[in-house]
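Enquirer: Sending over a structure as structure tokens; questions will come in a sec.
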Amino acid sequence: MADLRSNFIGIKSPNPFWLASAPPTDKEYNVRRAYEAGWGGVVWKTLGMEGPPVVNVNGPRYGVIHGADRRVLGLNNIELITDRPLEVNLREIKQVKRDWPDRALVISLMVPCDEDSWKSILAAIEDTGADGVELNFGCPHGMSERGMGSAVGQVPEYIEMVTRWVKQYSRMPCIVKLTPNITDVRKPAEAAKRGGADAVSLINTINSITSVDLDLYAPQPTIDGKGAHGGYCGPAVKPIALNMVAEIARSPATRGLPISGIGGVTTWRDAAEFLALGAGNVQVCTAAMTYGFKVVQEMISGLGEYLDDKGMALSDLIGRAVPNVTDWQFLNLNYTTKAQIDPGLCIKCGRCYAACEDTSHQAIAMLPGRVFEVKDDECVACNLCIDVCPVEDCITMRELVPGTTDPRTGRKIETFANWTTHPNNPMAKAAE
């Protein structure tokens with residue numbers, strides 16, 4: 001199988017799959033079980049300062065969005081950072097790292113936004129033997145109301161300032177964990193880079209209320225008749241995470257800044273997509289909470305087989321898709337496709353017809369015997385029919401070759417070396 005060994009900002013691990021800072025990494029018992037299952041690394045659940053204890057709710061902590069088959073699509077949590085004593089966590093981290101020297105162990109940190117607090121906690125963790133620190137600037141609930149978490153992550157100046165403190169007072173590699181609860185994720189990434197961060201990780205959870213109890217009339221999870229916004233994660237957030245990772249990877253201001261990709265990684269394919277968009281490794285939480293620690297074994301074998309099939313090394317995959325991410329104005333509007341239905345695969349359910357007839361372009365005809373056929377002169381290639389079809393590959397898109405005429409527009413299909421300056425490109429003048 002392909003060599004999956006990872007070296008992320010000097011932190012080595014046998015594979016690029018890490019557990020994210022979350023309940024699965026809250027204590028020695030969990031982390032040992034994770035390593036035994038095959039995880040390449042963990043980010044220990046966020047530590048805070050000594051002092052008044054963190055008190056979590058003693059009622060439900062999670063809300064959920066289920067798919068039609070009860071599969072977990074998204075989790076909302078209202079849990080805070082670790083409520084275990086700092087000295088206990090540090091003792092366990094030291095022991096685990098001593099026993100598993102080949103696995104990555106990074107410590108997530110969150111303390112008040114002042115220099116002395118950061119200097120103090122960094123001094124406390126230096127002798128654990130951990131491989132690095134991750135600054136939790138992303139948590140959107142509970143701690144943010146106290147001036148930490150996403151309250152810092154939404155202010156680039158604070159990110160830069162705290163990152164500088166961490167680099168000043170610690171020898172450890174520093175990863176800055178970014179919040180998605182912001183308009184432009186590139187700005188905090190730029191601030192982290194200016195502050196000297198070795199890498200960024202993203203995304204942290206998204207501010208959310210997943211559901212409302214229609215008997216109690218309160219958000220879920222409900223604590224004594226009340227609910228609060230929490231952090232949303234799981235497969236449903238993956239598209240948001242992929243976009244934000246790609247934005248940082250392709251931005252000139254942050255190009256080359258290492259990225260640890262987080263957000264809905266459930267399968268090896270999800271991980272491969274993050275890697276292709278510029279992530280150097282991935283972190284996982286919801287999949288482990290849903291399926292258990294052994295889910296990583298499918299990820300490892302699947303990614304290894306994919307790389308073998310492609311004849312690629314892991315390093316070849318990282319960032320491979322970034323050059324193909326562009327802005328809408330640079331898309332080739334002269335590229336034309338049409339839907340086509342394979343009658344041998346069609347089960348005559350009519351979902352493509354209903355979707356197209358009612359909500360799109362009336363480009364599918366229903367012939368006698370419930371035979372469905374695409375009308376090329378109406379098809380705009382939106383591919384909604386493919387998205388709603390329950391049979392894989394029953395509907396596909398065929399490209400109109402150069403020299404043919406689009407029956408819908410009457411326009412001849414041409415090829416141009418540079419679409420940016422093509423006369424049919426409405427953005428051509430702006431691009432010039």
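Every chain in the structure tokens has a letter given in the order shown (A, B, ...), and although residue numbers restart at 1 in each chain, ligands are simply numbered from 1 in the order shown.
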Hey, which bits of range 202-272 of chain A sit within 12 Å of range 42-56 of chain A, and for each residue what's the closest pair of atoms and how far apart in Å (one decimal), counting only C-alpha atoms, rows by chain and increasing number, as JSON lines?
Expert:
```
{"residue": "A:Ile223", "atom": "CA", "partner": "A:Asn56", "partner_atom": "CA", "distance": 11.5}
{"residue": "A:Ser260", "atom": "CA", "partner": "A:Val43", "partner_atom": "CA", "distance": 11.3}
{"residue": "A:Ile262", "atom": "CA", "partner": "A:Val43", "partner_atom": "CA", "distance": 11.8}
```
Enquirer: Return as a tab-separated table the residues of range 198-295 of chain A lying at most 9 Å from range 65-69 of chain A, together with the closest atom-to-atom pair for each and the distance in Å to one decimal, counting only C-alpha atoms, with rows in chain order and ascending residue number.
Expert:
```
residue	atom	partner	partner_atom	distance
A:Thr210	CA	A:Ile65	CA	6.7
A:Ser211	CA	A:Ile65	CA	8.1
A:Ala236	CA	A:Ile65	CA	8.9
```
Enquirer: Go through A:Ala272, A:Asn58, A:Val374, A:Asp309 and flag the residue nearest Asp224 in chain A, using only C-alpha atoms for the distances.
Expert: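 Looking at the shortest contact to Asp224 in chain A, the residue is A:Asn58.
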Enquirer: Which of these, A:Pro343, A:Gly302, A:Pro407, A:Pro235, has the shortest distance to Arg71 in chain A once you count only C-alpha atoms?
Expert: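 Smallest distance to Arg71 in chain A is found for A:Pro235.
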Enquirer: Could you name the residues that touch Ile203 in chain A at 8 Å or less, counting only C-alpha atoms, but leaving out those on the same chain fewer than 5 positions away, as number ranges by chain?
Expert: A: 138, 177-180, 241, 244, 261-263
Enquirer: Please report as a Markdown table every residue of range 257-314 of chain A lying within 10 Å of range 22-32 of chain A, along with the nearest atom pair and their distance in Å (one decimal), using only C-alpha atoms.
Expert:
```
| residue | atom | partner | partner_atom | distance |
| --- | --- | --- | --- | --- |
| A:Val284 | CA | A:Ala22 | CA | 9.4 |
| A:Cys285 | CA | A:Ala22 | CA | 6.7 |
| A:Thr286 | CA | A:Ala22 | CA | 9.2 |
| A:Ala288 | CA | A:Pro24 | CA | 7.6 |
| A:Met289 | CA | A:Pro24 | CA | 7.0 |
| A:Gly292 | CA | A:Pro24 | CA | 9.4 |
| A:Phe293 | CA | A:Pro24 | CA | 8.8 |
```
Enquirer: Let me see the file: selected residues, N, CA and C atoms, as an mmCIF file, in the first residue's frame.
Expert:
```
data_model
loop_
_atom_site.group_PDB
_atom_site.id
_atom_site.type_symbol
_atom_site.label_atom_id
_atom_site.label_comp_id
_atom_site.auth_asym_id
_atom_site.auth_seq_id
_atom_site.Cartn_x
_atom_site.Cartn_y
_atom_site.Cartn_z
ATOM 1 N N VAL A 284 -10.482 14.746 12.376
ATOM 2 C CA VAL A 284 -11.797 14.104 12.351
ATOM 3 C C VAL A 284 -12.388 14.110 13.752
ATOM 4 N N CYS A 285 -13.684 14.337 13.838
ATOM 5 C CA CYS A 285 -14.361 14.254 15.128
ATOM 6 C C CYS A 285 -15.673 13.490 15.007
ATOM 7 N N THR A 286 -16.641 14.053 14.258
ATOM 8 C CA THR A 286 -17.997 13.499 14.236
ATOM 9 C C THR A 286 -18.019 12.054 13.757
ATOM 10 N N ALA A 288 -15.788 9.751 14.189
ATOM 11 C CA ALA A 288 -15.367 8.889 15.294
ATOM 12 C C ALA A 288 -16.457 8.794 16.354
ATOM 13 N N MET A 289 -17.142 9.906 16.607
ATOM 14 C CA MET A 289 -18.210 9.896 17.604
ATOM 15 C C MET A 289 -19.407 9.082 17.124
ATOM 16 N N GLY A 292 -17.199 5.173 16.004
ATOM 17 C CA GLY A 292 -16.125 4.614 16.815
ATOM 18 C C GLY A 292 -14.757 4.832 16.194
ATOM 19 N N PHE A 293 -13.721 4.592 16.980
ATOM 20 C CA PHE A 293 -12.358 4.894 16.549
ATOM 21 C C PHE A 293 -11.899 4.075 15.352
#
```
Enquirer: Determine, counting only C-alpha atoms, which protein, DNA and RNA residues have an atom within 12 Å of an atom of Gly344 in chain A; residues of the same chain fewer than 6 positions away are not included. Present the result as a short mmCIF file (atom, residue, chain, number, x, y, z; two decimals) with C-alpha atoms, in the first residue's frame.
Expert:
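Saved file selection-v5.cif follows:
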```cif
data_model
loop_
_atom_site.label_atom_id
_atom_site.label_comp_id
_atom_site.auth_asym_id
_atom_site.auth_seq_id
_atom_site.Cartn_x
_atom_site.Cartn_y
_atom_site.Cartn_z
CA VAL A 371 -39.89 6.74 -21.46
CA PHE A 372 -37.96 9.91 -20.62
CA VAL A 391 -29.78 5.46 -10.20
CA ASP A 393 -24.88 6.98 -14.00
CA CYS A 394 -28.39 6.70 -15.45
CA ILE A 395 -28.17 10.36 -16.47
#
```
Enquirer: Using only C-alpha atoms, which residue out of A:Gly132, A:Ala123, A:Lys226, A:Asn243 lies closest to Asp327 in chain A?
Expert: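 Closest to Asp327 in chain A, using only C-alpha atoms: A:Asn243.
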Enquirer: Just the strand (DSSP E or B) stuff from range 7-183 of chain A, please, per backbone DSSP, written as a PyMOL selection string.
Expert: chain A and resi 7-8+11-13+17-19+41-47+62-66+72-77+104-109+132-136+174-177
Enquirer: Closest to Asp270 in chain A among A:Asp127, A:Glu247, A:Asp213, A:Glu298, using only C-alpha atoms?
Expert: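 With only C-alpha atoms as the atom set, the closest residue is A:Glu298.
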Enquirer: Range 359-368 of chain A: which residues within 10 Å, counting only C-alpha atoms, same-chain residues fewer than 3 positions away excluded, as an mmCIF file with C-alpha atoms, in the first residue's frame?
Expert:
```
data_model
loop_
_atom_site.group_PDB
_atom_site.id
_atom_site.type_symbol
_atom_site.label_atom_id
_atom_site.label_comp_id
_atom_site.auth_asym_id
_atom_site.auth_seq_id
_atom_site.Cartn_x
_atom_site.Cartn_y
_atom_site.Cartn_z
ATOM 1 C CA ALA A 339 -27.935 15.730 -20.343
ATOM 2 C CA GLN A 340 -28.564 12.253 -21.702
ATOM 3 C CA ILE A 341 -30.616 9.443 -20.179
ATOM 4 C CA LYS A 348 -39.056 5.149 -14.895
ATOM 5 C CA GLY A 350 -40.040 10.196 -13.189
ATOM 6 C CA CYS A 352 -35.959 13.859 -13.341
ATOM 7 C CA TYR A 353 -39.062 14.796 -15.317
ATOM 8 C CA ALA A 354 -40.872 16.260 -12.295
ATOM 9 C CA ALA A 355 -37.865 18.299 -11.199
ATOM 10 C CA CYS A 356 -37.132 19.656 -14.657
ATOM 11 C CA VAL A 371 -39.891 6.745 -21.458
ATOM 12 C CA PHE A 372 -37.959 9.915 -20.618
ATOM 13 C CA GLU A 373 -35.939 11.804 -23.190
ATOM 14 C CA VAL A 374 -33.912 15.010 -23.029
ATOM 15 C CA LYS A 375 -34.874 17.878 -25.324
ATOM 16 C CA ASP A 376 -31.517 19.277 -26.403
ATOM 17 C CA ASP A 377 -33.017 22.539 -27.584
ATOM 18 C CA GLU A 378 -34.223 23.306 -24.040
ATOM 19 C CA CYS A 379 -31.482 21.726 -21.894
ATOM 20 C CA VAL A 380 -29.195 24.261 -20.214
ATOM 21 C CA ALA A 381 -27.062 21.522 -18.604
ATOM 22 C CA CYS A 382 -27.934 22.499 -15.044
ATOM 23 C CA LEU A 384 -30.499 18.907 -11.555
ATOM 24 C CA CYS A 385 -31.795 15.758 -13.234
#
```
Enquirer: So that I can check the surroundings of Ala104 in chain A, please list as a list of chain:residue names every protein, DNA and RNA residue that reaches within 8 Å of it, counting only C-alpha atoms and ignoring chain neighbours fewer than 2 positions away.
Expert: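 Final neighbour list, sorted by chain and number: A:Ile11, A:Lys12, A:Ser13, A:Trp18, A:Gly40, A:Gly41, A:Val42, A:Pro101, A:Asp102, A:Val106, A:Ala130, A:Asp131.
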Enquirer: Of the residues A:Glu92, A:Asp3, A:Asp387, A:Asp99, which is the one nearest to Glu36 in chain A, using only C-alpha atoms?
Expert: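 Looking only at the distances to Glu36 in chain A, the closest residue turns out to be A:Asp99.
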Enquirer: For Ala276 in chain A, which of A:Lys97, A:Arg320, A:Arg370, A:Arg84 is the closest residue, counting only C-alpha atoms?
Expert: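 Looking at the shortest contact to Ala276 in chain A, the residue is A:Arg320.
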